[in-house]
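File shown: work-v6.txt. Contents: compact mmCIF, C-alpha atoms and all ligand atoms.
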# COMPACT_ATOMS: atom_id res chain seq x y z
CA MET A 1 101.17 136.65 87.87
CA ALA A 2 100.88 133.00 88.44
CA THR A 3 97.42 131.67 88.56
CA HIS A 4 96.17 128.93 90.76
CA LEU A 5 93.25 126.62 90.62
CA LEU A 6 91.04 125.71 93.49
CA LEU A 7 88.79 122.82 92.81
CA ASN A 8 87.13 123.02 96.16
CA LYS A 9 84.55 120.44 95.34
CA ARG A 10 82.39 119.70 98.30
CA LEU A 11 82.26 115.99 98.57
CA ILE A 12 78.81 114.77 97.84
CA LEU A 13 78.12 111.21 98.70
CA ARG A 14 77.09 109.16 95.75
CA SER A 15 75.16 106.00 95.58
CA ALA A 16 77.13 102.86 95.75
CA GLY A 17 75.38 99.63 95.11
CA LEU A 18 75.75 96.78 97.48
CA ALA A 19 78.09 94.19 96.09
CA ALA A 20 76.70 90.69 96.15
CA CYS A 21 78.49 87.45 96.78
CA ALA A 22 79.74 86.26 93.42
CA PHE A 23 79.75 82.93 91.70
CA THR A 24 82.43 81.96 89.25
CA ALA A 25 82.59 78.88 87.05
CA LEU A 26 84.82 77.04 89.46
CA PHE A 27 84.57 78.76 92.80
CA LEU A 28 81.85 79.92 95.09
CA VAL A 29 82.97 83.12 96.79
CA ARG A 30 80.96 83.02 99.96
CA CYS A 31 80.40 86.07 102.12
CA SER A 32 81.72 85.27 105.54
CA ASP A 33 80.45 86.48 108.87
CA GLY A 34 84.02 86.50 110.18
CA ASP A 35 84.74 90.09 109.17
CA SER A 36 86.71 91.23 112.19
CA ALA A 37 90.05 91.67 110.42
CA ILE A 38 89.00 94.07 107.67
CA PHE A 39 90.06 97.13 109.65
CA VAL A 40 93.50 96.93 111.21
CA LYS A 41 95.10 99.45 113.53
CA GLU A 42 98.17 100.17 111.45
CA PRO A 43 101.41 100.94 113.31
CA LEU A 44 102.59 104.52 113.33
CA PRO A 45 105.58 104.93 110.99
CA TYR A 46 107.35 106.92 113.75
CA SER A 47 107.24 107.19 117.52
CA GLN A 48 104.46 109.16 119.18
CA ASP A 49 106.88 111.89 120.24
CA ALA A 50 108.62 112.17 116.86
CA LEU A 51 106.44 114.94 115.43
CA ALA A 52 106.80 117.30 118.41
CA PRO A 53 106.65 120.22 118.72
CA THR A 54 104.49 120.57 115.59
CA ILE A 55 102.21 117.83 116.95
CA SER A 56 102.76 117.21 120.63
CA THR A 57 103.22 113.76 122.12
CA GLU A 58 99.97 114.21 124.05
CA THR A 59 97.99 115.05 120.92
CA MET A 60 99.54 112.19 118.96
CA GLY A 61 98.90 109.72 121.77
CA LEU A 62 95.24 110.67 122.04
CA HIS A 63 94.79 110.84 118.29
CA TYR A 64 96.37 107.45 117.60
CA ASP A 65 95.45 105.41 120.68
CA LYS A 66 91.99 106.84 121.35
CA HIS A 67 90.42 108.40 118.26
CA TYR A 68 91.97 106.25 115.51
CA ALA A 69 91.88 103.07 117.56
CA GLY A 70 88.25 103.77 118.43
CA TYR A 71 87.23 104.06 114.78
CA VAL A 72 89.01 100.80 113.92
CA LYS A 73 87.38 98.94 116.80
CA GLU A 74 83.92 100.33 116.08
CA ALA A 75 84.15 99.69 112.33
CA ASN A 76 85.02 96.04 112.93
CA ALA A 77 82.22 95.68 115.48
CA LEU A 78 79.64 97.21 113.13
CA ILE A 79 80.45 94.96 110.15
CA GLN A 80 80.30 91.75 112.15
CA GLY A 81 77.82 89.38 110.57
CA LYS A 82 76.81 91.86 107.88
CA GLY A 83 78.30 90.02 104.90
CA TYR A 84 81.44 92.07 104.32
CA GLY A 85 83.77 89.09 104.55
CA GLY A 86 86.60 89.21 102.05
CA LYS A 87 86.08 92.89 101.26
CA THR A 88 88.81 95.49 101.51
CA ALA A 89 88.43 98.53 103.71
CA GLU A 90 88.08 100.68 100.60
CA ALA A 91 85.32 98.41 99.28
CA VAL A 92 83.39 98.65 102.56
CA ILE A 93 83.65 102.45 102.33
CA ARG A 94 82.34 102.50 98.76
CA MET A 95 79.56 100.02 99.57
CA THR A 96 78.24 102.10 102.47
CA ALA A 97 78.62 105.62 101.06
CA ASP A 98 75.36 107.51 100.61
CA ASP A 99 73.30 104.82 102.30
CA ALA A 100 71.69 106.31 105.38
CA SER A 101 71.01 102.89 106.84
CA LYS A 102 74.77 102.21 106.80
CA ALA A 103 75.95 105.63 107.97
CA ALA A 104 77.52 104.29 111.15
CA ILE A 105 79.57 101.74 109.23
CA PHE A 106 80.62 104.34 106.66
CA ASN A 107 81.59 106.91 109.27
CA ASN A 108 83.78 104.54 111.29
CA ALA A 109 85.22 102.76 108.24
CA ALA A 110 86.11 106.00 106.49
CA GLN A 111 87.56 107.49 109.67
CA ALA A 112 89.70 104.39 110.20
CA TRP A 113 91.03 104.65 106.64
CA ASN A 114 91.47 108.43 106.69
CA HIS A 115 93.46 108.37 109.91
CA ALA A 116 95.80 105.59 108.81
CA TYR A 117 96.48 107.55 105.63
CA PHE A 118 96.92 110.87 107.44
CA PHE A 119 99.59 109.42 109.71
CA LYS A 120 101.47 108.13 106.66
CA CYS A 121 101.38 111.60 105.08
CA LEU A 122 103.56 112.88 107.94
CA LYS A 123 107.17 112.33 108.95
CA PRO A 124 109.65 113.91 111.34
CA GLU A 125 111.64 116.66 109.63
CA GLY A 126 109.24 116.64 106.71
CA GLY A 127 107.93 119.64 104.85
CA GLY A 128 110.03 121.39 102.28
CA ALA A 129 108.91 121.15 98.68
CA PRO A 130 108.06 118.12 96.58
CA GLU A 131 110.24 117.10 93.66
CA GLY A 132 109.85 115.37 90.32
CA LEU A 133 106.48 114.68 88.73
CA LEU A 134 104.53 115.74 91.83
CA ALA A 135 106.24 119.14 91.78
CA GLU A 136 105.60 119.51 88.05
CA MET A 137 101.91 118.68 88.39
CA ILE A 138 101.50 121.02 91.36
CA ASP A 139 103.10 123.85 89.36
CA GLU A 140 100.91 123.04 86.36
CA THR A 141 97.69 122.95 88.40
CA PHE A 142 98.23 125.67 90.98
CA GLY A 143 100.89 127.87 89.36
CA SER A 144 103.49 127.21 92.06
CA PHE A 145 104.00 125.24 95.25
CA GLU A 146 103.44 128.41 97.28
CA ASN A 147 100.09 128.88 95.54
CA PHE A 148 99.18 125.26 96.27
CA LYS A 149 99.88 125.83 99.96
CA ALA A 150 97.73 128.96 99.91
CA VAL A 151 94.87 127.04 98.29
CA PHE A 152 95.23 124.20 100.81
CA LEU A 153 95.20 126.62 103.76
CA THR A 154 92.15 128.46 102.43
CA ALA A 155 90.35 125.15 102.05
CA ALA A 156 91.27 124.27 105.66
CA LYS A 157 89.97 127.62 106.90
CA ASP A 158 86.73 127.33 104.92
CA GLN A 159 85.87 123.77 105.95
CA PHE A 160 82.95 124.38 108.31
CA GLY A 161 83.17 122.08 111.28
CA SER A 162 85.01 118.79 111.43
CA GLY A 163 86.51 117.28 108.33
CA TRP A 164 89.51 116.78 106.11
CA VAL A 165 91.47 118.68 103.49
CA TRP A 166 92.83 116.60 100.63
CA LEU A 167 95.11 116.79 97.65
CA VAL A 168 93.58 114.25 95.29
CA LEU A 169 94.01 112.94 91.81
CA ASP A 170 90.83 113.39 89.76
CA GLY A 171 91.48 111.37 86.64
CA GLU A 172 94.93 112.69 85.77
CA THR A 173 94.44 116.13 87.34
CA LEU A 174 95.33 117.32 90.82
CA ALA A 175 92.69 119.03 92.95
CA VAL A 176 92.33 120.32 96.50
CA ILE A 177 89.03 119.32 98.07
CA THR A 178 87.48 119.29 101.50
CA GLY A 179 85.21 116.72 103.08
CA ALA A 180 82.99 117.04 106.14
CA ASN A 181 83.19 114.68 109.08
CA ALA A 182 84.27 111.23 107.84
CA ASP A 183 83.97 111.89 104.13
CA THR A 184 86.75 110.47 102.01
CA PRO A 185 87.86 110.55 98.35
CA HIS A 186 87.14 106.82 98.09
CA ALA A 187 83.42 107.63 98.19
CA HIS A 188 83.79 109.83 95.09
CA ASP A 189 86.06 107.86 92.78
CA LEU A 190 88.97 110.18 93.59
CA THR A 191 92.47 109.05 94.49
CA PRO A 192 93.73 110.41 97.82
CA LEU A 193 97.28 111.73 97.74
CA PHE A 194 97.79 113.97 100.80
CA THR A 195 95.55 114.96 103.67
CA VAL A 196 95.40 116.91 106.89
CA ASP A 197 92.84 116.11 109.56
CA VAL A 198 91.02 119.30 110.61
CA TRP A 199 88.86 117.80 113.34
CA GLU A 200 89.50 119.76 116.53
CA HIS A 201 90.95 116.68 118.22
CA ALA A 202 93.85 116.93 115.74
CA TYR A 203 95.04 120.33 116.91
CA TYR A 204 93.11 121.85 119.81
CA LEU A 205 95.52 120.88 122.59
CA ASP A 206 98.45 122.40 120.70
CA TYR A 207 96.90 125.23 118.68
CA ARG A 208 93.55 125.94 120.41
CA ASN A 209 91.32 127.52 117.76
CA ARG A 210 94.19 128.30 115.35
CA ARG A 211 93.39 125.61 112.77
CA VAL A 212 95.20 127.36 109.92
CA ASP A 213 98.39 127.66 112.01
CA PHE A 214 98.22 123.90 112.62
CA VAL A 215 97.79 123.08 108.94
CA LYS A 216 100.53 125.53 107.96
CA ALA A 217 102.90 123.94 110.48
CA VAL A 218 102.10 120.47 109.13
CA LEU A 219 102.79 121.60 105.56
CA ASN A 220 106.05 123.29 106.54
CA ASN A 221 107.42 120.76 109.03
CA LEU A 222 105.82 117.34 108.62
CA ALA A 223 104.46 116.74 105.10
CA ASN A 224 105.94 113.56 103.67
CA TRP A 225 106.14 114.52 100.00
CA ASP A 226 108.15 111.40 99.11
CA PHE A 227 105.19 109.27 100.23
CA VAL A 228 102.77 111.46 98.27
CA ALA A 229 104.95 111.35 95.15
CA ASP A 230 105.06 107.56 95.37
CA ARG A 231 101.27 107.39 95.64
CA LEU A 232 100.92 109.67 92.65
CA GLU A 233 103.22 107.60 90.47
CA LYS A 234 101.37 104.40 91.39
CA ALA A 235 97.98 106.00 90.64
CA LEU A 236 98.80 107.41 87.22
CA PRO A 237 98.45 105.17 84.16
CA PRO A 238 101.79 103.97 82.77
CA LYS A 239 103.29 106.16 80.08
CA GLU A 240 103.16 104.73 76.55
FE FE A 301 91.46 112.68 113.70
Translate this file's structure into structure tokens.
Ligand SMILES: [Fe+2]
Amino acid sequence: MATHLLLNKRLILRSAGLAACAFTALFLVRCSDGDSAIFVKEPLPYSQDALAPTISTETMGLHYDKHYAGYVKEANALIQGKGYGGKTAEAVIRMTADDASKAAIFNNAAQAWNHAYFFKCLKPEGGGAPEGLLAEMIDETFGSFENFKAVFLTAAKDQFGSGWVWLVLDGETLAVITGANADTPHAHDLTPLFTVDVWEHAYYLDYRNRRVDFVKAVLNNLANWDFVADRLEKALPPKE
């Protein structure tokens, strides 16, 4: 019988030191107060009605134009004048993780990033099974693609309250993890590959309390495995 592996590591925020403005021999890299462009509302890679009926147009509209847009706007407002100029979104997330005094920045920054990535993990007429190296690594880690889906669905069911379910790369190994609220693999030195948002706003209009049915439908109908496979290949070290 095929075995599967669930590395359901609860994401624990780690300390991340504050990066300082850096001097080089020739250039002074000065932290700017003009930080408003760090978080950008990325365009959806499909129309808002393209994922229906798995995700309704109403849910997608609210999710993209209200929830996601709200996190982007709030993240930019919170970093204004705080010395994050020139940083990437990922850097801001790492710099604010596990710092209670910066929890509001972390929560909005991570939610902005997580949502942009989640939308890219989906496509109309997606689903099916991955191919190539991604398929090989899923088989190696979980025993089969069907076992991977079972592990992912169990993780979605067991995530208490709002959060995210992720397929990540941990070093050179795949793992399924969950994160509460805004938590994100970037805060834990893990590489995000695929995710499903399990906040109620992601599914309640369409699925009511049936979270697992929502995640199953996303896996079967919308998962963009070509995007995930591309991310995996870019994240792995080049072969000798
Ligand atoms: Fe969401």
My list of candidates is A:Trp225, A:Trp166, A:Phe119, A:Trp199. Which is closest to ligand FE 301 (chain A) when distances are computed with only C-alpha atoms and all ligand atoms?
A:Trp199
Find the residues around Pro124 in chain A up to 12 Å (all atoms listed in the file counted), leave out those fewer than 3 positions away in its own chain, and share them as a CSV table (one decimal) with C-alpha atoms, in the coordinates of the input.
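After the write, around_5.csv holds the following:
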chain,number,residue,atom,x,y,z
A,44,LEU,CA,102.6,104.5,113.3
A,45,PRO,CA,105.6,104.9,111.0
A,46,TYR,CA,107.4,106.9,113.8
A,47,SER,CA,107.2,107.2,117.5
A,48,GLN,CA,104.5,109.2,119.2
A,49,ASP,CA,106.9,111.9,120.2
A,50,ALA,CA,108.6,112.2,116.9
A,51,LEU,CA,106.4,114.9,115.4
A,52,ALA,CA,106.8,117.3,118.4
A,53,PRO,CA,106.6,120.2,118.7
A,54,THR,CA,104.5,120.6,115.6
A,55,ILE,CA,102.2,117.8,117.0
A,119,PHE,CA,99.6,109.4,109.7
A,120,LYS,CA,101.5,108.1,106.7
A,121,CYS,CA,101.4,111.6,105.1
A,127,GLY,CA,107.9,119.6,104.8
A,128,GLY,CA,110.0,121.4,102.3
A,218,VAL,CA,102.1,120.5,109.1
A,219,LEU,CA,102.8,121.6,105.6
A,220,ASN,CA,106.0,123.3,106.5
A,221,ASN,CA,107.4,120.8,109.0
A,222,LEU,CA,105.8,117.3,108.6
A,223,ALA,CA,104.5,116.7,105.1
A,224,ASN,CA,105.9,113.6,103.7
A,225,TRP,CA,106.1,114.5,100.0
Applying 8 Å and all atoms listed in the file, which residues near range 61-63 of chain A remain after dropping the ones on its own chain fewer than 3 positions away? List them as number ranges by chain.
A: 48, 57-58, 66-68, 201-202
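Put simply, CA of Leu169 in chain A is 17.5 Å away from CA of Asn147 in chain A.
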Taking only residues of chain A that have an atom at most 12 Å from an atom of ligand FE 301 (chain A), what is each one's shortest atom pair and its distance in Å to one decimal, using all atoms listed in the file, in chain and number order, as JSON lines?
{"residue": "A:Thr59", "atom": "CA", "partner": "A:FE301", "partner_atom": "FE", "distance": 10.0}
{"residue": "A:Met60", "atom": "CA", "partner": "A:FE301", "partner_atom": "FE", "distance": 9.7}
{"residue": "A:Gly61", "atom": "CA", "partner": "A:FE301", "partner_atom": "FE", "distance": 11.4}
{"residue": "A:Leu62", "atom": "CA", "partner": "A:FE301", "partner_atom": "FE", "distance": 9.4}
{"residue": "A:His63", "atom": "CA", "partner": "A:FE301", "partner_atom": "FE", "distance": 6.0}
{"residue": "A:Tyr64", "atom": "CA", "partner": "A:FE301", "partner_atom": "FE", "distance": 8.2}
{"residue": "A:Asp65", "atom": "CA", "partner": "A:FE301", "partner_atom": "FE", "distance": 10.8}
{"residue": "A:Lys66", "atom": "CA", "partner": "A:FE301", "partner_atom": "FE", "distance": 9.6}
{"residue": "A:His67", "atom": "CA", "partner": "A:FE301", "partner_atom": "FE", "distance": 6.3}
{"residue": "A:Tyr68", "atom": "CA", "partner": "A:FE301", "partner_atom": "FE", "distance": 6.7}
{"residue": "A:Ala69", "atom": "CA", "partner": "A:FE301", "partner_atom": "FE", "distance": 10.4}
{"residue": "A:Gly70", "atom": "CA", "partner": "A:FE301", "partner_atom": "FE", "distance": 10.6}
{"residue": "A:Tyr71", "atom": "CA", "partner": "A:FE301", "partner_atom": "FE", "distance": 9.7}
{"residue": "A:Asn108", "atom": "CA", "partner": "A:FE301", "partner_atom": "FE", "distance": 11.4}
{"residue": "A:Ala110", "atom": "CA", "partner": "A:FE301", "partner_atom": "FE", "distance": 11.2}
{"residue": "A:Gln111", "atom": "CA", "partner": "A:FE301", "partner_atom": "FE", "distance": 7.6}
{"residue": "A:Ala112", "atom": "CA", "partner": "A:FE301", "partner_atom": "FE", "distance": 9.2}
{"residue": "A:Trp113", "atom": "CA", "partner": "A:FE301", "partner_atom": "FE", "distance": 10.7}
{"residue": "A:Asn114", "atom": "CA", "partner": "A:FE301", "partner_atom": "FE", "distance": 8.2}
{"residue": "A:His115", "atom": "CA", "partner": "A:FE301", "partner_atom": "FE", "distance": 6.1}
{"residue": "A:Ala116", "atom": "CA", "partner": "A:FE301", "partner_atom": "FE", "distance": 9.6}
{"residue": "A:Tyr117", "atom": "CA", "partner": "A:FE301", "partner_atom": "FE", "distance": 10.8}
{"residue": "A:Phe118", "atom": "CA", "partner": "A:FE301", "partner_atom": "FE", "distance": 8.5}
{"residue": "A:Phe119", "atom": "CA", "partner": "A:FE301", "partner_atom": "FE", "distance": 9.6}
{"residue": "A:Ser162", "atom": "CA", "partner": "A:FE301", "partner_atom": "FE", "distance": 9.2}
{"residue": "A:Gly163", "atom": "CA", "partner": "A:FE301", "partner_atom": "FE", "distance": 8.6}
{"residue": "A:Trp164", "atom": "CA", "partner": "A:FE301", "partner_atom": "FE", "distance": 8.8}
{"residue": "A:Val165", "atom": "CA", "partner": "A:FE301", "partner_atom": "FE", "distance": 11.8}
{"residue": "A:Asn181", "atom": "CA", "partner": "A:FE301", "partner_atom": "FE", "distance": 9.7}
{"residue": "A:Ala182", "atom": "CA", "partner": "A:FE301", "partner_atom": "FE", "distance": 9.4}
{"residue": "A:Thr195", "atom": "CA", "partner": "A:FE301", "partner_atom": "FE", "distance": 11.1}
{"residue": "A:Val196", "atom": "CA", "partner": "A:FE301", "partner_atom": "FE", "distance": 8.9}
{"residue": "A:Asp197", "atom": "CA", "partner": "A:FE301", "partner_atom": "FE", "distance": 5.6}
{"residue": "A:Val198", "atom": "CA", "partner": "A:FE301", "partner_atom": "FE", "distance": 7.3}
{"residue": "A:Trp199", "atom": "CA", "partner": "A:FE301", "partner_atom": "FE", "distance": 5.8}
{"residue": "A:Glu200", "atom": "CA", "partner": "A:FE301", "partner_atom": "FE", "distance": 7.9}
{"residue": "A:His201", "atom": "CA", "partner": "A:FE301", "partner_atom": "FE", "distance": 6.1}
{"residue": "A:Ala202", "atom": "CA", "partner": "A:FE301", "partner_atom": "FE", "distance": 5.3}
{"residue": "A:Tyr203", "atom": "CA", "partner": "A:FE301", "partner_atom": "FE", "distance": 9.0}
{"residue": "A:Tyr204", "atom": "CA", "partner": "A:FE301", "partner_atom": "FE", "distance": 11.1}
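Going from CA of Val228 in chain A over to CA of Ala180 in chain A, you cover 22.0 Å.
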Report, in Å with one decimal, the straight-line distance from CA of Lys234 in chain A to CA of Glu136 in chain A.
16.0 Å
Give the centre and edge lengths of an axis-aligned box, in Å to one decimal, that holds all listed atoms of range 95-113 of chain A with 5 Å on each side, as AutoDock Vina command-line options.
--center_x 81.0 --center_y 103.8 --center_z 105.4 --size_x 30.0 --size_y 17.5 --size_z 21.7
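For the choices A:Val176, A:Leu205, A:Gly132, A:Ala229, the atom-to-atom distance to Val151 in chain A is smallest for A:Val176 when using only C-alpha atoms.
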Looking at all atoms listed in the file, which of A:Val212, A:Leu122, A:Asp206, A:Val168 is the one that sits closest to Ser56 in chain A?
A:Asp206
When you look at Pro185 in chain A with a cut-off of 9 Å (counting only C-alpha atoms), what residues show up, excluding the ones that are within fewer than 6 positions of it in the same chain? I need them as number ranges by chain.
A: 11, 166, 168, 177, 179, 191-192
